[in-house]
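Text of protein.txt, listed as compact mmCIF, C-alpha atoms:
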```txt
# COMPACT_ATOMS: atom_id res chain seq x y z
CA MET H 937 -16.98 85.63 -202.73
CA GLY H 938 -17.55 82.20 -201.20
CA ASN H 939 -18.36 84.04 -198.00
CA LEU H 940 -21.78 85.04 -199.29
CA ARG H 941 -22.70 81.44 -199.99
CA SER H 942 -21.39 80.27 -196.61
CA VAL H 943 -23.42 82.90 -194.76
CA GLU H 944 -26.51 82.02 -196.78
CA LYS H 945 -26.16 78.29 -196.03
CA ALA H 946 -25.47 78.87 -192.34
CA LEU H 947 -28.54 81.10 -191.95
CA GLU H 948 -30.67 78.51 -193.74
CA LYS H 949 -29.27 75.86 -191.41
CA VAL H 950 -30.61 77.75 -188.38
CA GLY H 951 -34.02 78.18 -189.95
CA ALA H 952 -33.93 81.50 -191.77
CA GLU H 953 -35.41 82.14 -195.17
CA VAL H 954 -32.57 83.92 -196.98
CA ILE H 955 -32.77 86.27 -199.94
CA VAL H 956 -29.47 87.35 -201.48
CA THR H 957 -30.29 90.67 -203.06
CA ARG H 958 -29.10 93.99 -204.37
CA ASP H 959 -32.65 95.26 -204.69
CA GLN H 960 -33.81 98.23 -202.58
CA ASP H 961 -37.39 97.01 -202.22
CA GLN H 962 -36.33 93.59 -201.01
CA VAL H 963 -34.11 95.23 -198.41
CA ARG H 964 -37.10 97.30 -197.27
CA ARG H 965 -39.41 94.28 -197.14
CA ALA H 966 -37.02 91.99 -195.24
CA ASP H 967 -37.59 91.25 -191.54
CA ALA H 968 -33.89 91.57 -190.82
CA LEU H 969 -30.70 92.53 -192.65
CA VAL H 970 -27.39 90.66 -192.79
CA LEU H 971 -24.37 92.36 -194.33
CA PRO H 972 -21.51 89.89 -194.83
CA GLY H 973 -18.47 90.58 -196.92
CA VAL H 974 -14.83 90.04 -197.44
CA GLY H 975 -12.87 92.46 -199.56
CA ALA H 976 -11.98 96.13 -199.48
CA PHE H 977 -13.98 98.78 -197.64
CA GLY H 978 -13.97 101.36 -200.45
CA ASP H 979 -15.09 98.88 -203.12
CA ALA H 980 -17.91 97.64 -200.92
CA MET H 981 -19.20 101.17 -200.20
CA HIS H 982 -18.89 102.04 -203.87
CA ASN H 983 -20.98 98.99 -204.81
CA LEU H 984 -23.62 99.72 -202.17
CA ALA H 985 -23.83 103.33 -203.37
CA LYS H 986 -24.09 102.26 -207.01
CA ARG H 987 -27.17 100.14 -206.15
CA GLY H 988 -28.70 102.96 -204.13
CA LEU H 989 -28.46 100.83 -201.02
CA VAL H 990 -26.61 103.16 -198.65
CA ASP H 991 -29.64 105.28 -197.76
CA VAL H 992 -31.97 102.26 -197.72
CA ILE H 993 -29.79 100.36 -195.25
CA ARG H 994 -29.39 103.46 -193.10
CA GLU H 995 -33.11 104.20 -193.00
CA GLU H 996 -34.16 100.63 -192.34
CA THR H 997 -31.55 99.99 -189.67
CA LEU H 998 -31.89 103.32 -187.87
CA GLY H 999 -35.65 102.69 -188.02
CA GLY H 1000 -35.14 99.62 -185.84
CA LYS H 1001 -34.83 96.67 -188.23
CA PRO H 1002 -32.53 93.95 -186.82
CA PHE H 1003 -29.11 94.20 -188.47
CA LEU H 1004 -26.20 91.76 -188.41
CA GLY H 1005 -22.80 92.66 -189.83
CA ILE H 1006 -20.06 90.09 -190.42
CA CYS H 1007 -16.35 90.90 -190.97
CA LEU H 1008 -16.30 93.70 -193.55
CA GLY H 1009 -20.01 94.08 -192.71
CA LEU H 1010 -18.87 95.15 -189.22
CA ASP H 1011 -16.39 97.68 -190.56
CA LEU H 1012 -18.93 99.19 -192.96
CA ILE H 1013 -21.36 100.27 -190.23
CA PHE H 1014 -18.88 102.78 -188.82
CA GLU H 1015 -18.31 106.32 -190.07
CA GLU H 1016 -15.02 106.02 -191.88
CA SER H 1017 -12.08 103.77 -192.66
CA ASP H 1018 -8.37 104.19 -193.33
CA GLU H 1019 -8.30 101.18 -195.66
CA HIS H 1020 -6.64 102.23 -198.97
CA GLY H 1021 -7.23 105.94 -198.30
CA LEU H 1022 -10.01 107.54 -196.31
CA ASN H 1023 -13.49 106.18 -197.13
CA GLN H 1024 -16.89 107.01 -195.70
CA GLY H 1025 -18.89 104.13 -194.22
CA LEU H 1026 -22.59 103.66 -193.51
CA GLY H 1027 -22.29 105.58 -190.25
CA LEU H 1028 -24.79 103.48 -188.32
CA LEU H 1029 -22.51 103.67 -185.28
CA PRO H 1030 -19.97 106.37 -184.35
CA GLY H 1031 -16.34 105.40 -184.75
CA ARG H 1032 -13.79 104.44 -187.35
CA VAL H 1033 -11.87 101.53 -188.87
CA GLU H 1034 -8.08 101.24 -188.62
CA LEU H 1035 -5.37 98.76 -189.55
CA LEU H 1036 -4.69 96.34 -186.68
CA SER H 1037 -1.83 97.86 -184.67
CA THR H 1038 0.03 94.65 -183.95
CA GLU H 1039 3.55 93.36 -184.33
CA LEU H 1040 2.09 90.03 -185.39
CA LYS H 1041 1.43 89.01 -188.95
CA ILE H 1042 -1.41 90.69 -190.86
CA PRO H 1043 -3.93 89.47 -191.93
CA HIS H 1044 -4.99 87.92 -188.64
CA ILE H 1045 -6.22 84.48 -189.70
CA GLY H 1046 -7.37 81.60 -187.55
CA TRP H 1047 -9.22 80.68 -184.36
CA ASN H 1048 -8.87 83.23 -181.60
CA ASP H 1049 -10.59 83.62 -178.25
CA VAL H 1050 -13.16 86.28 -177.60
CA SER H 1051 -13.76 88.07 -174.27
CA ARG H 1052 -17.18 89.49 -173.56
CA ARG H 1053 -17.57 93.05 -172.31
CA LYS H 1054 -21.33 93.03 -171.78
CA GLN H 1055 -24.31 90.72 -171.92
CA SER H 1056 -26.04 89.95 -175.19
CA ARG H 1057 -28.96 87.79 -176.22
CA LEU H 1058 -26.97 86.74 -179.29
CA LEU H 1059 -24.20 85.28 -177.13
CA ALA H 1060 -26.55 83.47 -174.74
CA ASP H 1061 -25.07 80.06 -175.65
CA VAL H 1062 -21.45 81.19 -175.90
CA PRO H 1063 -19.15 80.70 -172.88
CA ASP H 1064 -16.82 83.67 -172.28
CA GLY H 1065 -13.41 83.01 -173.84
CA SER H 1066 -14.76 80.85 -176.66
CA PHE H 1067 -12.88 80.63 -179.96
CA PHE H 1068 -14.12 82.01 -183.27
CA TYR H 1069 -12.64 82.06 -186.77
CA PHE H 1070 -11.10 85.35 -187.99
CA VAL H 1071 -9.81 86.54 -191.38
CA HIS H 1072 -9.11 90.30 -191.39
CA SER H 1073 -6.53 93.07 -191.38
CA TYR H 1074 -8.56 96.01 -190.07
CA ALA H 1075 -10.41 96.53 -186.80
CA VAL H 1076 -13.11 98.92 -185.62
CA VAL H 1077 -12.59 101.64 -183.03
CA PRO H 1078 -16.05 102.57 -181.72
CA ALA H 1079 -16.45 106.09 -180.36
CA ARG H 1080 -18.72 104.83 -177.57
CA ASP H 1081 -17.36 102.22 -175.16
CA SER H 1082 -20.93 101.09 -174.51
CA ASP H 1083 -21.13 99.72 -178.08
CA ILE H 1084 -18.27 97.26 -177.46
CA LEU H 1085 -19.56 93.71 -177.09
CA CYS H 1086 -16.33 91.66 -177.30
CA THR H 1087 -12.59 92.13 -177.50
CA THR H 1088 -9.81 89.83 -178.68
CA ASP H 1089 -6.02 89.81 -178.28
CA TYR H 1090 -3.69 89.52 -181.24
CA GLY H 1091 -0.54 91.25 -180.09
CA CYS H 1092 -2.96 94.08 -179.25
CA SER H 1093 -6.48 94.18 -177.88
CA PHE H 1094 -9.05 94.95 -180.55
CA VAL H 1095 -12.85 95.12 -180.71
CA SER H 1096 -14.14 91.83 -182.12
CA ALA H 1097 -17.89 92.50 -181.78
CA VAL H 1098 -20.22 95.44 -181.24
CA GLU H 1099 -23.88 95.72 -180.30
CA HIS H 1100 -26.14 98.73 -180.00
CA GLU H 1101 -29.90 98.25 -179.75
CA ASN H 1102 -30.96 96.48 -183.01
CA ILE H 1103 -27.46 96.57 -184.53
CA ALA H 1104 -24.94 93.78 -183.92
CA ALA H 1105 -21.78 93.00 -185.82
CA PHE H 1106 -18.87 90.59 -185.54
CA GLN H 1107 -15.31 90.77 -186.82
CA PHE H 1108 -15.10 86.98 -186.82
CA HIS H 1109 -17.12 84.63 -189.02
CA PRO H 1110 -20.00 82.93 -187.17
CA GLU H 1111 -20.72 80.94 -190.34
CA LYS H 1112 -17.23 79.38 -190.13
CA SER H 1113 -17.07 78.99 -186.35
CA SER H 1114 -18.77 75.63 -185.94
CA SER H 1115 -21.65 75.12 -183.48
CA LEU H 1116 -21.00 78.24 -181.38
CA GLY H 1117 -21.02 80.39 -184.50
CA LEU H 1118 -24.29 78.85 -185.61
CA SER H 1119 -25.77 79.52 -182.16
CA ILE H 1120 -25.14 83.25 -182.66
CA LEU H 1121 -26.90 83.16 -186.03
CA LYS H 1122 -29.74 81.15 -184.53
CA ASN H 1123 -30.23 83.67 -181.74
CA PHE H 1124 -30.23 86.45 -184.32
CA VAL H 1125 -32.80 84.70 -186.48
CA GLN H 1126 -35.13 83.95 -183.55
CA MET P 1464 -4.08 84.59 -178.89
CA LEU P 1465 -4.42 82.43 -182.00
CA SER P 1466 -4.85 78.74 -181.35
CA LYS P 1467 -2.86 75.99 -182.99
CA ARG P 1468 -5.00 73.89 -185.28
CA ILE P 1469 -5.76 70.23 -185.94
CA ILE P 1470 -6.72 69.51 -189.52
CA PRO P 1471 -7.94 66.10 -190.65
CA CYS P 1472 -7.30 65.41 -194.31
CA LEU P 1473 -9.66 63.41 -196.52
CA ASP P 1474 -8.58 61.88 -199.82
CA VAL P 1475 -11.51 61.88 -202.22
CA ARG P 1476 -11.84 60.02 -205.49
CA ASN P 1477 -14.91 60.43 -207.72
CA GLY P 1478 -16.74 62.06 -204.84
CA ARG P 1479 -16.03 59.27 -202.35
CA VAL P 1480 -13.57 59.13 -199.48
CA VAL P 1481 -10.80 56.70 -200.34
CA LYS P 1482 -9.77 55.50 -196.90
CA GLY P 1483 -12.71 54.50 -194.77
CA VAL P 1484 -13.20 56.52 -191.65
CA ARG P 1485 -14.36 54.83 -188.50
CA PHE P 1486 -17.12 56.92 -187.09
CA VAL P 1487 -20.04 55.75 -185.10
CA ASN P 1488 -23.41 57.23 -186.00
CA ILE P 1489 -22.50 57.86 -189.58
CA ARG P 1490 -24.85 56.68 -192.27
CA ASP P 1491 -22.43 56.62 -195.18
CA ALA P 1492 -18.76 56.18 -194.31
CA GLY P 1493 -17.73 57.00 -197.87
CA ASP P 1494 -19.45 60.36 -198.06
CA PRO P 1495 -16.90 63.15 -197.60
CA VAL P 1496 -19.47 65.64 -196.38
CA GLU P 1497 -20.83 63.35 -193.68
CA MET P 1498 -17.34 62.58 -192.48
CA ALA P 1499 -16.37 66.20 -192.52
CA SER P 1500 -19.41 67.10 -190.43
CA ALA P 1501 -18.52 64.38 -187.95
CA TYR P 1502 -15.03 65.86 -187.66
CA ASP P 1503 -16.54 69.32 -187.16
CA ARG P 1504 -18.64 67.94 -184.28
CA GLU P 1505 -15.50 66.36 -182.78
CA GLY P 1506 -13.72 69.71 -182.79
CA ALA P 1507 -11.63 69.77 -185.97
CA ASP P 1508 -10.45 73.33 -186.61
CA GLU P 1509 -10.40 73.03 -190.38
CA LEU P 1510 -10.56 70.32 -193.00
CA ILE P 1511 -8.55 69.60 -196.09
CA PHE P 1512 -9.94 67.60 -199.00
CA LEU P 1513 -7.53 66.30 -201.59
CA ASP P 1514 -9.28 65.22 -204.76
CA ILE P 1515 -7.30 62.39 -206.31
CA THR P 1516 -9.74 61.60 -209.10
CA ALA P 1517 -7.45 60.44 -211.90
CA SER P 1518 -9.15 61.93 -214.91
CA HIS P 1519 -9.85 65.12 -216.77
CA GLU P 1520 -13.17 65.30 -214.92
CA ARG P 1521 -11.38 66.18 -211.71
CA ARG P 1522 -12.10 69.89 -211.98
CA GLU P 1523 -15.82 69.24 -212.06
CA THR P 1524 -15.66 66.82 -209.13
CA VAL P 1525 -13.73 69.42 -207.10
CA VAL P 1526 -16.31 72.15 -207.74
CA GLU P 1527 -19.13 69.78 -206.87
CA LEU P 1528 -17.41 68.70 -203.67
CA ALA P 1529 -16.85 72.32 -202.61
CA GLY P 1530 -20.52 73.09 -203.21
CA ARG P 1531 -21.74 70.14 -201.17
CA CYS P 1532 -19.35 70.90 -198.32
CA ALA P 1533 -20.49 74.52 -198.19
CA GLU P 1534 -24.03 73.38 -197.46
CA GLU P 1535 -23.17 71.25 -194.46
CA LEU P 1536 -19.81 72.31 -193.12
CA PHE P 1537 -19.44 75.32 -190.84
CA ILE P 1538 -15.70 75.40 -190.32
CA PRO P 1539 -13.10 76.56 -192.87
CA PHE P 1540 -12.12 74.04 -195.51
CA THR P 1541 -9.43 73.75 -198.15
CA ILE P 1542 -9.67 71.80 -201.38
CA GLY P 1543 -6.74 70.67 -203.47
CA GLY P 1544 -6.25 68.47 -206.49
CA GLY P 1545 -5.34 69.52 -209.99
CA MET P 1546 -6.19 73.20 -209.60
CA ARG P 1547 -4.30 75.06 -212.31
CA ASP P 1548 -5.23 78.71 -212.63
CA GLU P 1549 -7.35 81.66 -211.60
CA ALA P 1550 -10.41 80.27 -213.36
CA ASP P 1551 -10.21 77.11 -211.24
CA PHE P 1552 -9.77 79.20 -208.09
CA ARG P 1553 -12.75 81.35 -208.95
CA LYS P 1554 -15.05 78.37 -209.52
CA VAL P 1555 -14.06 76.53 -206.37
CA LEU P 1556 -14.10 79.61 -204.13
CA LYS P 1557 -17.47 80.62 -205.52
CA ALA P 1558 -18.78 77.14 -204.74
CA GLY P 1559 -17.90 77.81 -201.10
CA ALA P 1560 -14.34 76.63 -200.38
CA ASP P 1561 -12.32 78.91 -198.10
CA LYS P 1562 -8.88 78.02 -199.43
CA ILE P 1563 -7.34 76.15 -202.32
CA ALA P 1564 -4.18 74.08 -202.19
CA ILE P 1565 -1.88 74.07 -205.21
CA ASN P 1566 1.34 72.20 -205.76
CA THR P 1567 2.19 71.16 -209.33
CA ALA P 1568 0.59 74.24 -210.90
CA ALA P 1569 2.58 76.54 -208.61
CA LEU P 1570 5.91 74.91 -209.42
CA ASP P 1571 5.12 74.73 -213.15
CA ASN P 1572 4.12 78.38 -213.23
CA PRO P 1573 4.91 80.23 -209.98
CA ASP P 1574 3.21 83.39 -211.23
CA VAL P 1575 -0.14 81.70 -210.58
CA ILE P 1576 0.50 82.36 -206.86
CA ASN P 1577 0.85 86.10 -207.46
CA ARG P 1578 -2.22 86.26 -209.64
CA CYS P 1579 -4.49 84.29 -207.32
CA ALA P 1580 -3.25 86.14 -204.21
CA ARG P 1581 -3.84 89.50 -205.89
CA ARG P 1582 -7.27 88.57 -207.14
CA PHE P 1583 -8.69 86.51 -204.26
CA GLY P 1584 -6.40 87.35 -201.32
CA SER P 1585 -3.43 85.49 -199.85
CA GLN P 1586 -5.67 83.92 -197.22
CA CYS P 1587 -7.08 81.47 -199.76
CA VAL P 1588 -3.81 80.43 -201.43
CA VAL P 1589 -2.33 77.36 -199.75
CA VAL P 1590 0.86 76.14 -201.37
CA ALA P 1591 1.37 72.42 -200.85
CA ILE P 1592 4.99 71.30 -200.78
CA ASP P 1593 5.94 67.63 -201.02
CA ALA P 1594 9.56 67.41 -199.90
CA LYS P 1595 12.08 64.59 -199.86
CA LEU P 1596 15.51 64.47 -198.25
CA VAL P 1597 18.19 64.50 -200.97
CA SER P 1598 21.40 65.31 -199.06
CA GLU P 1599 23.91 62.57 -198.30
CA GLU P 1600 24.54 61.44 -194.76
CA GLY P 1601 26.99 63.78 -193.05
CA GLU P 1602 26.01 66.70 -195.29
CA GLU P 1603 23.84 69.56 -194.16
CA LYS P 1604 20.25 68.45 -194.76
CA ARG P 1605 18.64 69.47 -198.06
CA TRP P 1606 15.17 68.64 -199.32
CA GLU P 1607 13.84 68.68 -202.86
CA ALA P 1608 10.29 69.65 -203.87
CA PHE P 1609 8.33 67.02 -205.80
CA VAL P 1610 5.18 67.35 -207.92
CA HIS P 1611 2.52 65.07 -209.42
CA GLY P 1612 1.72 63.50 -206.07
CA GLY P 1613 5.39 62.87 -205.27
CA ARG P 1614 6.22 61.14 -208.55
CA THR P 1615 8.22 63.88 -210.23
CA PRO P 1616 11.32 65.61 -208.83
CA THR P 1617 11.64 69.30 -209.71
CA GLY P 1618 15.27 69.96 -208.88
CA ARG P 1619 14.03 72.78 -206.64
CA ASP P 1620 15.26 73.12 -203.06
CA ALA P 1621 12.15 72.90 -200.85
CA VAL P 1622 13.21 75.67 -198.45
CA LYS P 1623 14.14 78.07 -201.26
CA TRP P 1624 10.87 77.28 -202.98
CA ALA P 1625 8.95 78.07 -199.78
CA VAL P 1626 10.69 81.44 -199.48
CA GLU P 1627 9.86 82.27 -203.10
CA ALA P 1628 6.24 81.13 -202.80
CA ALA P 1629 5.77 83.24 -199.65
CA GLU P 1630 7.19 86.30 -201.42
CA ARG P 1631 4.80 85.69 -204.30
CA GLY P 1632 1.83 85.83 -201.94
CA ALA P 1633 1.16 82.33 -200.62
CA GLY P 1634 -0.99 82.53 -197.48
CA GLU P 1635 -0.01 79.25 -195.94
CA PHE P 1636 2.03 76.10 -196.55
CA MET P 1637 0.88 72.54 -196.34
CA LEU P 1638 4.19 70.78 -195.91
CA THR P 1639 4.37 67.03 -196.42
CA SER P 1640 7.51 65.06 -195.75
CA MET P 1641 7.71 62.22 -198.27
CA ASP P 1642 10.21 60.53 -195.97
CA THR P 1643 7.93 60.33 -192.93
CA ASP P 1644 4.56 60.14 -194.70
CA GLY P 1645 2.86 56.84 -193.92
CA THR P 1646 5.50 55.75 -191.38
CA ARG P 1647 3.56 56.73 -188.23
CA ASP P 1648 6.98 57.48 -186.70
CA GLY P 1649 6.34 61.20 -186.26
CA TYR P 1650 6.51 64.32 -188.36
CA ASP P 1651 9.77 65.40 -189.97
CA ILE P 1652 10.94 67.87 -187.33
CA ASP P 1653 14.08 69.03 -189.21
CA LEU P 1654 12.22 69.72 -192.45
CA THR P 1655 9.34 71.50 -190.70
CA LYS P 1656 11.74 73.61 -188.63
CA ALA P 1657 13.76 74.52 -191.71
CA ILE P 1658 10.60 75.86 -193.37
CA THR P 1659 9.10 77.63 -190.33
CA ASP P 1660 12.47 79.33 -189.74
CA ALA P 1661 12.62 80.49 -193.35
CA VAL P 1662 9.10 81.95 -193.77
CA GLU P 1663 6.69 84.09 -191.75
CA ILE P 1664 3.44 82.54 -192.95
CA PRO P 1665 1.69 79.61 -191.21
CA VAL P 1666 2.94 76.08 -191.86
CA ILE P 1667 0.71 73.01 -191.65
CA ALA P 1668 2.88 69.98 -190.87
CA SER P 1669 1.91 66.75 -192.60
CA GLY P 1670 3.18 63.20 -192.85
CA GLY P 1671 4.04 60.73 -190.13
CA ALA P 1672 1.64 61.28 -187.24
CA GLY P 1673 1.31 58.04 -185.30
CA ASN P 1674 0.52 59.17 -181.77
CA LEU P 1675 -0.40 62.30 -179.85
CA ASP P 1676 3.15 63.09 -178.78
CA HIS P 1677 3.99 63.51 -182.46
CA LEU P 1678 1.42 66.31 -182.68
CA VAL P 1679 2.90 68.04 -179.65
CA GLU P 1680 6.50 67.65 -180.88
CA VAL P 1681 6.02 69.24 -184.27
CA VAL P 1682 4.27 72.26 -182.75
CA ARG P 1683 6.70 72.63 -179.84
CA ASP P 1684 9.98 71.72 -181.54
CA ALA P 1685 9.37 72.81 -185.13
CA ASP P 1686 6.96 75.76 -184.62
CA ALA P 1687 4.26 74.27 -186.83
CA ASP P 1688 1.06 76.33 -186.75
CA ALA P 1689 -1.19 73.39 -187.53
CA VAL P 1690 -0.99 69.62 -187.71
CA LEU P 1691 -2.53 67.61 -190.48
CA ALA P 1692 -3.28 63.97 -189.91
CA ALA P 1693 -5.27 61.33 -191.69
CA SER P 1694 -4.92 57.77 -190.47
CA ILE P 1695 -4.71 58.36 -186.70
CA PHE P 1696 -8.12 60.02 -186.88
CA HIS P 1697 -9.68 58.05 -189.71
CA TYR P 1698 -9.05 54.72 -188.07
CA GLY P 1699 -10.32 55.97 -184.75
CA THR P 1700 -6.99 55.58 -182.94
CA TYR P 1701 -7.70 58.96 -181.34
CA SER P 1702 -10.57 61.38 -181.54
CA ILE P 1703 -9.89 65.00 -182.46
CA HIS P 1704 -11.13 66.07 -179.07
CA GLU P 1705 -8.75 63.67 -177.33
CA ALA P 1706 -5.86 65.02 -179.40
CA LYS P 1707 -6.74 68.62 -178.57
CA GLU P 1708 -7.01 67.89 -174.85
CA TYR P 1709 -3.62 66.22 -174.99
CA MET P 1710 -1.99 69.14 -176.79
CA ALA P 1711 -3.60 71.65 -174.41
CA ALA P 1712 -2.29 69.67 -171.43
CA ALA P 1713 1.18 69.98 -172.99
CA GLY P 1714 0.80 73.77 -172.83
CA ILE P 1715 -0.30 74.40 -176.41
CA HIS P 1716 -3.07 76.97 -176.98
CA MET P 1717 -5.98 74.99 -178.44
CA ARG P 1718 -9.65 75.60 -179.14
CA LEU P 1719 -11.36 73.06 -176.88
```
Take the structure in this file and express it as structure tokens.
Amino acid sequence: MGNLRSVEKALEKVGAEVIVTRDQDQVRRADALVLPGVGAFGDAMHNLAKRGLVDVIREETLGGKPFLGICLGLDLIFEESDEHGLNQGLGLLPGRVELLSTELKIPHIGWNDVSRRKQSRLLADVPDGSFFYFVHSYAVVPARDSDILCTTDYGCSFVSAVEHENIAAFQFHPEKSSSLGLSILKNFVQ
Amino acid sequence: MLSKRIIPCLDVRNGRVVKGVRFVNIRDAGDPVEMASAYDREGADELIFLDITASHERRETVVELAGRCAEELFIPFTIGGGMRDEADFRKVLKAGADKIAINTAALDNPDVINRCARRFGSQCVVVAIDAKLVSEEGEEKRWEAFVHGGRTPTGRDAVKWAVEAAERGAGEFMLTSMDTDGTRDGYDIDLTKAITDAVEIPVIASGGAGNLDHLVEVVRDADADAVLAASIFHYGTYSIHEAKEYMAAAGIHMRL
């Protein structure tokens, strides 16, 4: 809920012109797409489908438009999720979403360190092992190892960021992760 | 691995910070948003704003504060002060706050914890507990929960209240010892340990920080997940960064 406003303000801070929309044409006209979100996977997909946005997002993103997913917006780009029963996702990347398999408390909330698995323009200003702010219970399991950008330990190792061509997505919240988080958004906007 | 957190706390009245904060390069030392941004730059992990406006207009000032913070602050922040129900939560969360602290409302009507946790998620429900030692010397220690800014005893045992609030869906506790608050003699280790032993959710220790060893002690000896401090940072005794370096050197996992 507040997440949307925080993402909007953070993107504006790094120089983006932001349109918060549920309109198909605006999604098509935009230079880049950002899908934030906290909440449940099934509800989010249901709402996207209700607005006719599932196909639009798929077409635009698979057509090469820069795409940034945050938190639930990371989960949604995969094919399916176990959250509250099996739900289909946007299927932009192969793989699925599962409950964190950890002995530690769920949800995983707080600042945790992030290890990089490959190079990325978005992380150009981020030293390996930097801390970012997390609030989540589920994690993505990409089918292709090459899509994994970062991993994080929380009683288990999980994928905390993915990147494939024009698609990047983070389990943590760049908009709540101080200057390093803003640097990721800035690199995305540029 | 999750880091431990340092959380400066700002008391705000009518949109202005009550205790002056000594920052260099700050235009307006009474503006909560400017101070909060300065703390963000220094490395604060989160911020807590307590609105102590003493009037029925407090709800509006809280919403306005949340909205202004959301524009300039890019770390998580909590707002507390007179929040009563789901409608208050909705307004303040929508304005951009990440979490809301409740104390009196939760003890008056504990079901508000369940309702807000169900509707908005446990992660945004911070239950503030103001506790005071009530056992006699020689007895096993017991603490009572107080409301209305520490003015009103509730007759409730603080540890039992924490257990109940956690079961109802609280996401975190902000635990203030009324006995150590303002003393600068250190956090209340026994109280904090009693609560962290009794519940699984994170506990923010508050009240009594006077030096950096106090921060280390309450994390190491009482398992606090976060330390809240006001005066040692506001008056420039230590910077946040200095405090984090010190805690890291003591073997505590910190975001530096």
Specify as JSON, numbers by chain all residues of chain H found within 8 Å of chain P, counting all atoms listed in the file.
{"H": [937, 938, 939, 941, 942, 945, 946, 1041, 1043, 1045, 1046, 1047, 1048, 1049, 1066, 1067, 1071, 1088, 1089, 1090, 1091, 1111, 1112, 1113, 1114, 1115, 1118]}
Those same residues, written as a short mmCIF file (atom, residue, chain, number, x, y, z; two decimals), keeping the file's coordinate frame with C-alpha atoms?
```cif
data_model
loop_
_atom_site.label_atom_id
_atom_site.label_comp_id
_atom_site.auth_asym_id
_atom_site.auth_seq_id
_atom_site.Cartn_x
_atom_site.Cartn_y
_atom_site.Cartn_z
CA MET H 937 -16.98 85.63 -202.73
CA GLY H 938 -17.55 82.20 -201.20
CA ASN H 939 -18.36 84.04 -198.00
CA ARG H 941 -22.70 81.44 -199.99
CA SER H 942 -21.39 80.27 -196.61
CA LYS H 945 -26.16 78.29 -196.03
CA ALA H 946 -25.47 78.87 -192.34
CA LYS H 1041 1.43 89.01 -188.95
CA PRO H 1043 -3.93 89.47 -191.93
CA ILE H 1045 -6.22 84.48 -189.70
CA GLY H 1046 -7.37 81.60 -187.55
CA TRP H 1047 -9.22 80.68 -184.36
CA ASN H 1048 -8.87 83.23 -181.60
CA ASP H 1049 -10.59 83.62 -178.25
CA SER H 1066 -14.76 80.85 -176.66
CA PHE H 1067 -12.88 80.63 -179.96
CA VAL H 1071 -9.81 86.54 -191.38
CA THR H 1088 -9.81 89.83 -178.68
CA ASP H 1089 -6.02 89.81 -178.28
CA TYR H 1090 -3.69 89.52 -181.24
CA GLY H 1091 -0.54 91.25 -180.09
CA GLU H 1111 -20.72 80.94 -190.34
CA LYS H 1112 -17.23 79.38 -190.13
CA SER H 1113 -17.07 78.99 -186.35
CA SER H 1114 -18.77 75.63 -185.94
CA SER H 1115 -21.65 75.12 -183.48
CA LEU H 1118 -24.29 78.85 -185.61
#
```
Using all atoms listed in the file, list the residues that have an atom at most 9 Å from (-2.5, 55.9, -182.9), coordinates as in the file, as number ranges by chain.
P: 1647, 1672-1675, 1694-1696, 1698-1701
Straight-line distance linking atom CA of Thr1655 of chain P with atom CA of Ile1703 of chain P, stated in Å to one decimal
21.9 Å
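Using only C-alpha atoms, every residue with an atom at most 9 Å from the point (1.5, 66.3, -207.1) is listed here: Gly1544, Gly1545, Ile1565, Asn1566, Thr1567, Ala1568, Ala1591, Ile1592, Asp1593, Phe1609, Val1610, His1611, Gly1612, Gly1613, Arg1614 and Thr1615 of chain P.
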Go ahead and save the residues from that selection, with C-alpha atoms, as an mmCIF file, in the frame of the given file.
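To be explicit, this is the file written out as selection-v3.cif:
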```cif
data_model
loop_
_atom_site.group_PDB
_atom_site.id
_atom_site.type_symbol
_atom_site.label_atom_id
_atom_site.label_comp_id
_atom_site.auth_asym_id
_atom_site.auth_seq_id
_atom_site.Cartn_x
_atom_site.Cartn_y
_atom_site.Cartn_z
ATOM 1 C CA GLY P 1544 -6.250 68.470 -206.490
ATOM 2 C CA GLY P 1545 -5.340 69.520 -209.990
ATOM 3 C CA ILE P 1565 -1.880 74.070 -205.210
ATOM 4 C CA ASN P 1566 1.340 72.200 -205.760
ATOM 5 C CA THR P 1567 2.190 71.160 -209.330
ATOM 6 C CA ALA P 1568 0.590 74.240 -210.900
ATOM 7 C CA ALA P 1591 1.370 72.420 -200.850
ATOM 8 C CA ILE P 1592 4.990 71.300 -200.780
ATOM 9 C CA ASP P 1593 5.940 67.630 -201.020
ATOM 10 C CA PHE P 1609 8.330 67.020 -205.800
ATOM 11 C CA VAL P 1610 5.180 67.350 -207.920
ATOM 12 C CA HIS P 1611 2.520 65.070 -209.420
ATOM 13 C CA GLY P 1612 1.720 63.500 -206.070
ATOM 14 C CA GLY P 1613 5.390 62.870 -205.270
ATOM 15 C CA ARG P 1614 6.220 61.140 -208.550
ATOM 16 C CA THR P 1615 8.220 63.880 -210.230
#
```
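Interatomic distance, atom CA of Ala1657 of chain P against atom CA of Ala1685 of chain P: 8.1 Å.
Among the candidates H:Gln1107, H:Gln1055, H:Gln1126, H:Ser1093, the residue lying nearest to Leu971 of chain H is H:Gln1107 (atoms considered: all atoms listed in the file).
Nearest residue to Asp959 of chain H among H:Ala976, H:Leu1036, H:Thr997, H:Val992 is H:Val992, counting all atoms listed in the file.
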Figure out the distance between atom CA of Glu1705 of chain P and atom CA of Leu1678 of chain P, please, to one decimal in Å.
11.8 Å
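For Gly1478 of chain P, the non-local neighbours within 12 Å, defined as residues at least 5 positions apart in the same chain or in other chains and counting all atoms listed in the file, are Leu1473, Gly1493, Asp1494, Pro1495, Val1496, Glu1497, Phe1512, Leu1513, Asp1514, Ile1515, Thr1516, Ala1517, Glu1520, Arg1521, Arg1522, Glu1523, Thr1524, Val1525, Val1526, Glu1527, Leu1528, Ala1529, Gly1530, Arg1531 and Cys1532 of chain P.
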